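Printed here is model-v8.txt (compact mmCIF, C-alpha atoms and all ligand atoms):
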# COMPACT_ATOMS: atom_id res chain seq x y z
CA MET A 21 91.99 136.89 196.96
CA PRO A 22 91.91 133.11 197.24
CA PHE A 23 89.48 130.85 195.43
CA TYR A 24 86.43 129.76 197.34
CA THR A 25 84.95 126.29 197.33
CA MET A 26 81.66 125.75 195.52
CA ASN A 27 79.98 125.02 198.85
CA GLU A 28 81.10 128.37 200.24
CA LEU A 29 79.86 130.25 197.21
CA LEU A 30 76.54 128.52 197.13
CA ALA A 31 75.97 129.04 200.84
CA ILE A 32 74.06 125.80 201.07
CA ASP A 33 70.46 126.64 201.85
CA PRO A 34 67.80 124.01 201.16
CA ALA A 35 65.22 126.73 200.56
CA ALA A 36 67.32 128.61 198.03
CA ASP A 37 65.86 129.12 194.58
CA TRP A 38 68.92 130.25 192.67
CA CYS A 39 71.81 128.52 190.92
CA ILE A 40 75.46 129.31 190.71
CA GLY A 41 76.87 129.51 187.19
CA HIS A 42 79.83 127.38 186.16
CA PHE A 43 81.54 128.96 183.17
CA ASN A 44 84.31 127.17 181.28
CA VAL A 45 87.30 129.42 180.60
CA HIS A 46 90.17 128.70 178.20
CA ASN A 47 92.17 131.91 177.81
CA TYR A 48 91.68 135.60 178.58
CA THR A 49 88.96 135.99 175.92
CA THR A 50 86.59 133.76 177.89
CA LEU A 51 88.05 134.31 181.39
CA GLY A 52 88.06 138.12 181.12
CA GLY A 53 84.46 138.11 179.89
CA VAL A 54 83.23 135.94 182.77
CA ILE A 55 85.09 137.96 185.41
CA ARG A 56 83.71 141.25 184.07
CA ALA A 57 80.17 139.83 184.01
CA ALA A 58 80.51 138.64 187.63
CA GLU A 59 81.77 142.06 188.76
CA GLU A 60 79.07 143.90 186.87
CA THR A 61 76.19 141.74 188.18
CA ARG A 62 77.69 141.24 191.69
CA SER A 63 77.40 137.50 191.16
CA PRO A 64 79.48 134.69 192.63
CA ALA A 65 80.71 132.39 189.84
CA ILE A 66 82.64 129.21 189.18
CA LEU A 67 85.57 129.41 186.74
CA ALA A 68 85.83 125.95 185.21
CA LEU A 69 88.75 124.29 183.45
CA GLY A 70 88.79 121.30 181.16
CA ALA A 71 90.79 119.45 178.54
CA GLN A 72 90.17 122.18 175.95
CA ALA A 73 91.93 124.76 178.11
CA TYR A 74 94.83 122.42 178.96
CA ARG A 75 95.38 121.71 175.25
CA HIS A 76 95.03 125.39 174.36
CA ILE A 77 97.46 126.98 176.85
CA GLY A 78 98.39 124.30 179.43
CA MET A 79 97.01 123.59 182.90
CA GLU A 80 99.69 125.56 184.74
CA ASN A 81 99.12 128.63 182.56
CA ILE A 82 95.34 128.65 182.76
CA ILE A 83 95.40 128.20 186.57
CA ALA A 84 97.96 131.01 186.95
CA LEU A 85 95.88 133.26 184.68
CA CYS A 86 92.71 132.55 186.66
CA ARG A 87 94.50 133.18 189.96
CA SER A 88 95.93 136.48 188.81
CA ALA A 89 92.62 137.66 187.36
CA ALA A 90 90.68 136.65 190.51
CA GLU A 91 93.22 138.34 192.78
CA GLN A 92 92.67 141.61 190.96
CA SER A 93 88.90 141.27 190.91
CA SER A 94 86.25 142.42 193.39
CA GLY A 95 84.34 139.20 192.67
CA LYS A 96 84.27 135.84 194.44
CA PHE A 97 85.14 132.77 192.43
CA ALA A 98 85.67 129.04 192.77
CA LEU A 99 88.25 127.46 190.45
CA HIS A 100 86.94 124.09 189.34
CA VAL A 101 88.33 121.16 187.35
CA ASP A 102 85.58 119.89 185.04
CA HIS A 103 85.19 116.30 183.75
CA ALA A 104 88.47 114.79 184.92
CA ARG A 105 88.70 111.07 184.24
CA ASP A 106 92.16 110.71 185.73
CA LEU A 107 92.81 110.97 189.46
CA LYS A 108 96.44 111.98 188.81
CA LEU A 109 95.24 115.03 186.90
CA ILE A 110 92.96 115.90 189.81
CA GLY A 111 95.87 115.58 192.24
CA LYS A 112 98.01 117.88 190.09
CA ALA A 113 95.25 120.49 189.85
CA LEU A 114 94.70 120.42 193.62
CA ARG A 115 98.42 120.96 194.19
CA LEU A 116 98.27 123.91 191.78
CA GLY A 117 95.51 125.50 193.88
CA VAL A 118 92.09 124.73 192.39
CA SER A 119 89.30 124.86 194.99
CA SER A 120 86.96 122.31 193.47
CA VAL A 121 87.16 119.17 191.32
CA MET A 122 84.90 116.85 189.36
CA PHE A 123 85.59 113.20 188.62
CA ASP A 124 83.53 112.01 185.67
CA GLY A 125 82.94 108.29 186.06
CA SER A 126 79.58 108.43 184.31
CA SER A 127 80.66 106.03 181.56
CA LEU A 128 82.20 103.52 184.03
CA PRO A 129 80.37 100.57 185.59
CA PHE A 130 78.42 101.92 188.59
CA LYS A 131 80.65 100.20 191.19
CA ASP A 132 83.82 101.61 189.62
CA ASN A 133 82.26 105.07 189.43
CA ILE A 134 81.52 104.87 193.19
CA ARG A 135 85.02 103.60 194.04
CA MET A 136 86.92 106.20 192.02
CA THR A 137 84.63 109.07 192.95
CA ARG A 138 85.06 108.21 196.64
CA GLU A 139 88.83 108.37 196.17
CA MET A 140 88.50 111.77 194.44
CA VAL A 141 86.30 113.09 197.27
CA GLN A 142 88.95 112.09 199.81
CA MET A 143 91.70 113.81 197.79
CA ALA A 144 89.62 116.97 197.37
CA HIS A 145 88.65 117.15 201.03
CA ASP A 146 92.28 116.67 202.10
CA TYR A 147 92.92 119.96 200.29
CA GLY A 148 89.78 121.63 201.64
CA ALA A 149 88.31 121.59 198.12
CA SER A 150 84.77 120.66 197.06
CA ALA A 151 84.02 117.56 195.00
CA GLU A 152 81.50 116.77 192.24
CA GLY A 153 80.56 113.35 190.82
CA GLU A 154 78.15 112.25 188.11
CA VAL A 155 75.45 109.58 187.94
CA GLY A 156 73.59 108.92 184.70
CA GLU A 157 75.14 110.18 181.49
CA VAL A 158 74.88 113.52 179.71
CA PRO A 159 76.08 112.70 176.16
CA MET A 160 79.29 114.33 174.99
CA PRO A 161 79.29 116.71 171.95
CA GLY A 162 77.88 115.00 168.88
CA GLY A 163 75.66 112.71 170.98
CA SER A 164 71.94 112.38 170.32
CA ARG A 165 68.76 112.19 172.39
CA ASP A 166 69.02 108.38 172.17
CA ASP A 167 72.35 108.55 174.03
CA ILE A 168 70.90 110.32 177.09
CA MET A 169 71.00 108.03 180.14
CA TYR A 170 68.65 109.68 182.61
CA THR A 171 69.78 109.49 186.25
CA ASP A 172 68.14 106.74 188.27
CA PRO A 173 67.01 108.20 191.65
CA ASP A 174 67.88 105.03 193.63
CA GLN A 175 71.36 104.85 192.09
CA ALA A 176 71.86 108.57 192.74
CA ALA A 177 70.94 108.19 196.42
CA GLU A 178 73.30 105.21 196.82
CA PHE A 179 76.07 107.06 194.97
CA ALA A 180 75.72 110.19 197.11
CA GLU A 181 75.78 108.19 200.32
CA LYS A 182 78.73 105.98 199.40
CA THR A 183 80.93 108.67 197.86
CA GLY A 184 80.25 111.72 200.05
CA VAL A 185 80.21 114.09 197.05
CA ASP A 186 79.42 117.75 197.73
CA PHE A 187 77.74 118.21 194.33
CA LEU A 188 76.00 115.65 192.15
CA ALA A 189 75.78 116.00 188.35
CA VAL A 190 72.60 114.39 187.04
CA SER A 191 71.22 113.65 183.60
CA LEU A 192 67.82 115.29 183.01
CA GLY A 193 67.71 115.58 179.22
CA SER A 194 70.62 117.80 178.20
CA ILE A 195 73.47 117.05 175.76
CA HIS A 196 76.96 118.60 175.82
CA GLY A 197 78.17 120.88 173.04
CA MET A 198 74.82 122.00 171.57
CA LYS A 199 74.86 125.27 169.65
CA THR A 200 71.11 125.88 169.86
CA SER A 201 68.97 125.99 173.02
CA SER A 202 66.21 123.53 172.23
CA MET A 203 66.33 120.81 174.89
CA ASP A 204 63.77 120.40 177.65
CA LEU A 205 64.47 118.83 181.06
CA ASP A 206 62.65 116.14 183.04
CA GLN A 207 61.41 118.33 185.89
CA GLU A 208 59.61 115.47 187.69
CA LEU A 209 62.85 113.49 187.82
CA LEU A 210 64.63 116.57 189.16
CA LYS A 211 62.07 116.92 191.98
CA LYS A 212 62.69 113.27 192.98
CA LEU A 213 66.49 113.73 192.88
CA ARG A 214 66.24 116.88 194.98
CA SER A 215 65.10 114.81 197.96
CA ILE A 216 68.54 113.15 198.12
CA GLY A 217 69.75 116.37 199.74
CA VAL A 218 72.96 116.92 197.72
CA PRO A 219 73.20 120.07 195.53
CA LEU A 220 72.41 119.04 191.95
CA VAL A 221 74.34 120.06 188.83
CA LEU A 222 73.24 120.40 185.20
CA HIS A 223 75.83 119.81 182.46
CA GLY A 224 75.24 120.71 178.82
CA ALA A 225 73.08 123.70 179.73
CA SER A 226 74.04 125.68 176.59
CA GLY A 227 71.54 123.48 174.73
CA VAL A 228 68.66 123.84 177.23
CA THR A 229 65.78 126.31 176.82
CA GLU A 230 65.66 129.27 179.20
CA ASP A 231 62.19 128.23 180.29
CA ALA A 232 63.48 124.78 181.34
CA ILE A 233 66.40 126.42 183.20
CA ARG A 234 64.02 128.73 185.08
CA LYS A 235 61.79 125.81 186.11
CA ALA A 236 64.78 123.67 187.09
CA THR A 237 66.10 126.45 189.29
CA ARG A 238 62.78 126.45 191.16
CA ASN A 239 62.80 122.64 191.30
CA GLY A 240 66.11 122.35 193.11
CA LEU A 241 68.99 122.62 190.65
CA ARG A 242 71.92 124.48 192.26
CA LYS A 243 74.76 124.64 189.69
CA ILE A 244 74.52 125.11 185.93
CA ASN A 245 77.40 124.52 183.50
CA ILE A 246 77.89 126.70 180.44
CA ASN A 247 80.72 126.22 177.92
CA THR A 248 79.63 125.97 174.27
CA ALA A 249 77.39 129.06 174.33
CA LEU A 250 80.20 131.28 175.65
CA LYS A 251 82.57 130.24 172.89
CA GLY A 252 79.76 130.79 170.39
CA ALA A 253 79.16 134.31 171.73
CA ALA A 254 82.85 135.14 171.27
CA VAL A 255 82.94 133.74 167.74
CA SER A 256 79.83 135.61 166.63
CA ARG A 257 81.20 138.97 167.89
CA ILE A 258 84.53 138.31 166.18
CA ARG A 259 82.70 137.45 162.96
CA GLU A 260 80.67 140.68 163.16
CA ARG A 261 83.79 142.73 163.75
CA LEU A 262 85.59 141.13 160.81
CA ALA A 263 82.58 141.77 158.57
CA GLN A 264 82.74 145.47 159.49
CA ASP A 265 86.52 145.68 159.28
CA PRO A 266 88.23 142.87 157.37
CA ASP A 267 91.68 144.33 158.19
CA CYS A 268 91.00 144.42 161.96
CA ASP A 269 94.05 143.71 164.13
CA LEU A 270 94.13 140.59 166.37
CA LEU A 271 93.72 142.36 169.70
CA PRO A 272 90.55 144.34 168.91
CA LEU A 273 89.12 141.10 167.52
CA LEU A 274 89.82 139.26 170.78
CA GLU A 275 88.39 142.19 172.75
CA SER A 276 85.18 141.92 170.72
CA GLY A 277 85.09 138.22 171.53
CA ARG A 278 85.57 138.96 175.22
CA GLU A 279 82.73 141.48 175.11
CA GLY A 280 80.46 138.81 173.61
CA VAL A 281 81.35 136.45 176.48
CA ARG A 282 80.75 139.19 179.05
CA ALA A 283 77.29 140.01 177.71
CA LEU A 284 76.15 136.38 177.57
CA ALA A 285 77.63 135.43 180.97
CA ALA A 286 75.88 138.44 182.55
CA HIS A 287 72.62 137.32 180.95
CA TYR A 288 73.05 133.82 182.43
CA MET A 289 73.87 135.24 185.88
CA GLU A 290 70.54 137.10 185.82
CA LEU A 291 68.71 134.01 184.52
CA PHE A 292 70.23 131.75 187.21
CA GLY A 293 69.36 134.25 189.95
CA SER A 294 72.97 134.55 191.15
CA ALA A 295 73.16 138.26 190.23
CA GLY A 296 73.27 140.48 193.30
CA ARG A 297 74.09 137.56 195.64
CA LEU A 298 77.75 138.36 196.21
CA GLU A 299 77.30 139.92 199.62
CA GLY A 300 74.92 137.13 200.63
CA CYS A 301 77.53 134.38 200.29
CA ARG A 302 78.24 132.81 203.62
CA VAL A 303 81.95 132.70 203.01
CA SER A 304 84.18 132.19 206.01
CA GLU A 305 87.64 133.15 204.79
CA ASN A 306 89.35 132.06 207.98
CA THR A 307 88.32 128.45 207.34
CA LEU A 308 90.12 128.26 204.01
CA PRO A 309 93.09 125.92 204.07
CA GLU A 310 96.55 127.43 204.16
CA HIS A 311 97.49 126.55 200.58
CA MET A 312 94.56 128.57 199.23
CA LEU A 313 95.64 131.66 201.14
CA GLN A 314 99.14 131.73 199.68
CA GLY A 315 99.86 134.89 197.81
CA GLU A 316 97.31 136.90 199.82
ZN ZN B 1 79.88 118.67 181.39

What does this structure look like when you write it as structure tokens?
Amino acid sequence: MPFYTMNELLAIDPAADWCIGHFNVHNYTTLGGVIRAAEETRSPAILALGAQAYRHIGMENIIALCRSAAEQSSGKFALHVDHARDLKLIGKALRLGVSSVMFDGSSLPFKDNIRMTREMVQMAHDYGASAEGEVGEVPMPGGSRDDIMYTDPDQAAEFAEKTGVDFLAVSLGSIHGMKTSSMDLDQELLKKLRSIGVPLVLHGASGVTEDAIRKATRNGLRKININTALKGAAVSRIRERLAQDPDCDLLPLLESGREGVRALAAHYMELFGSAGRLEGCRVSENTLPEHMLQGE
């Protein structure tokens, strides 16, 4: 099966009260866990790739692995490039067959963010892929509450109009890379941003309380990114297994890690409300561009 765009998976519906999960994958420990969770919960899902995965096994390898796993799956997936700051990298990923890309210009001057994001949107749309940009700044791992730059609604509206992004990442109070879920979100700001009419994305959701995620889903969030918590779930299962059996072989250890990812991803799919939505996706396969159908 080909990869779907995020728009196709989400089946844009202004009245919808569920979010699609974006799960960062790095190898088969995380990828296999997410795919199994999506199959088990009948949930559409976004497989997301970033610098960690490229450093770990290389962009070509992780894309090929995702393609092969998705082709053999009964699920429906988008393949998304997360946090690219280099348009050349985005071009390479699009040529390799990803169905969605994000340019992160959140730390650039606003005008430069608009200019480069607009260029990325054009590139993505030329390939029939969906495009995400960011306004405001969700601090990177190690950042503090003082580093959060909440999204300004007027800037967000201008950005959405001038760039034509399909998805807009906004800063509502989360921080990337948190290992505990303690952060709350500015729900009033989210309600204002919702009126812009572009599907909104939350980064750094591993550190956000489940209560805040539930409220944000009702208040108009449409895509939620999870990375740190999945890796943490794998590590804790591997640690447990090693405690039980210090001589455990590598492969059973990795399988335990994958099982930890599967269980947590399935939990998030239920929490986001995407579970059971697979058949509801308004996916029109015949509109997918030719390059995404190769290998069918
Ligand atoms: Zn992020």

Given the point (79.3, 105.0, 189.0) in the file's coordinates, find the residues that have an atom at most 8 Å from it, counting all atoms listed in the file, and give them as an mmCIF file with C-alpha atoms, in the frame of the given file.
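As a result, result.cif now contains:
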data_model
loop_
_atom_site.group_PDB
_atom_site.id
_atom_site.type_symbol
_atom_site.label_atom_id
_atom_site.label_comp_id
_atom_site.auth_asym_id
_atom_site.auth_seq_id
_atom_site.Cartn_x
_atom_site.Cartn_y
_atom_site.Cartn_z
ATOM 1 C CA GLY A 125 82.940 108.290 186.060
ATOM 2 C CA SER A 126 79.580 108.430 184.310
ATOM 3 C CA SER A 127 80.660 106.030 181.560
ATOM 4 C CA LEU A 128 82.200 103.520 184.030
ATOM 5 C CA PRO A 129 80.370 100.570 185.590
ATOM 6 C CA PHE A 130 78.420 101.920 188.590
ATOM 7 C CA LYS A 131 80.650 100.200 191.190
ATOM 8 C CA ASP A 132 83.820 101.610 189.620
ATOM 9 C CA ASN A 133 82.260 105.070 189.430
ATOM 10 C CA ILE A 134 81.520 104.870 193.190
ATOM 11 C CA ARG A 135 85.020 103.600 194.040
ATOM 12 C CA THR A 137 84.630 109.070 192.950
ATOM 13 C CA GLU A 154 78.150 112.250 188.110
ATOM 14 C CA VAL A 155 75.450 109.580 187.940
ATOM 15 C CA PHE A 179 76.070 107.060 194.970
#

- [ ] Select, from A:Thr61, A:Val118, A:Ala104, A:Leu85, the residue with the minimum atom-to-atom distance to Phe23 (chain A), counting all atoms listed in the file.
- [x] A:Val118

TODO: Measure the distance from CA of Asn47 (chain A) to CA of Thr237 (chain A) in Å and round it to one decimal.
DONE: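 Pair CA of Asn47 (chain A) / CA of Thr237 (chain A) returns 29.0 Å.
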
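With distances restricted to only C-alpha atoms and all ligand atoms, A:Gly197 is the closest residue to ligand ZN 1 (chain B) from A:Gly197, A:Pro64, A:Gly52, A:Gly148.
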
TODO: Give the residues close to ligand ZN 1 (chain B), within 10 Å, counting all atoms listed in the file; write them as a VMD selection string.
DONE: chain A and resid 42 44 70 102 to 103 122 124 154 157 to 161 189 194 to 197 221 to 225 244 to 247

- [ ] Within 12 Å of Ser294 (chain A), counting all atoms listed in the file, which residues show up once you throw out same-chain ones fewer than 2 positions away? Write them as a ChimeraX atom specification, please.
- [x] /A:29-31,36-42,57-66,96,237,242-244,285-292,296-301

8 Å contact set for Ala144 (chain A), only C-alpha atoms, chain neighbours under 5 positions out, as an mmCIF file with C-alpha atoms, in the frame of the given file:
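Full text of around.cif as output:
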data_model
loop_
_atom_site.group_PDB
_atom_site.id
_atom_site.type_symbol
_atom_site.label_atom_id
_atom_site.label_comp_id
_atom_site.auth_asym_id
_atom_site.auth_seq_id
_atom_site.Cartn_x
_atom_site.Cartn_y
_atom_site.Cartn_z
ATOM 1 C CA LEU A 114 94.700 120.420 193.620
ATOM 2 C CA SER A 120 86.960 122.310 193.470
ATOM 3 C CA VAL A 121 87.160 119.170 191.320
ATOM 4 C CA ALA A 149 88.310 121.590 198.120
ATOM 5 C CA SER A 150 84.770 120.660 197.060
ATOM 6 C CA ALA A 151 84.020 117.560 195.000
#

Task: Between CA of Ser201 (chain A) and CA of Gly240 (chain A) - distance in Å to one decimal - done: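 Going from CA of Gly240 (chain A) over to CA of Ser201 (chain A) covers 20.6 Å.
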
Open item on the list: Can you pull out the residues contacting Met198 (chain A)? Cut-off 7 Å, using all atoms listed in the file, and skip same-chain residues under 4 positions away; I want them as a PyMOL selection string.
Closed with: chain A and resi 161+226-227+248

Task: Option closest in space to Glu275 (chain A), from A:Ala263, A:Ile258, A:Glu152, A:Asp186 [counting all atoms listed in the file] - done: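 Ranking A:Ala263, A:Ile258, A:Glu152, A:Asp186 by distance to Glu275 (chain A), first place goes to A:Ile258.
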
Task: Option closest in space to Arg138 (chain A), from A:His100, A:Lys182, A:Arg115, A:Arg56 [counting only C-alpha atoms] - done: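 Using only C-alpha atoms, Arg138 (chain A) sits closest to A:Lys182.
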
TODO: Take CA of Pro219 (chain A) and CA of Tyr48 (chain A) and report the distance between them in Å, one decimal.
DONE: 29.5 Å

TODO: May I ask which of the residues A:Lys112, A:Arg259, A:His145, A:Lys235 is the closest one to Thr25 (chain A), counting all atoms listed in the file?
DONE: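 Smallest distance to Thr25 (chain A) is found for A:His145.
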
TODO: Show which residues sit within 9 Å of Ile55 (chain A), as a list in words. Count only C-alpha atoms, and ignore same-chain residues fewer than 6 positions away.
DONE: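 In the requested form, the answer reads Ala65, Leu67, Ala89, Ala90, Ser93, Gly95, Phe97 and Arg282 of chain A.
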
TODO: Dig up all the protein and nucleic acid residues within 12 Å of (63.4, 111.8, 195.8) in the file frame, using all atoms listed in the file, and format them as a VMD selection string.
DONE: chain A and resid 171 to 178 208 to 218 239 to 240

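When all atoms listed in the file are used to compute distances to Leu241 (chain A), the closest of the residues A:Asp265, A:Asp206, A:Glu28, A:Glu260 turns out to be A:Asp206.
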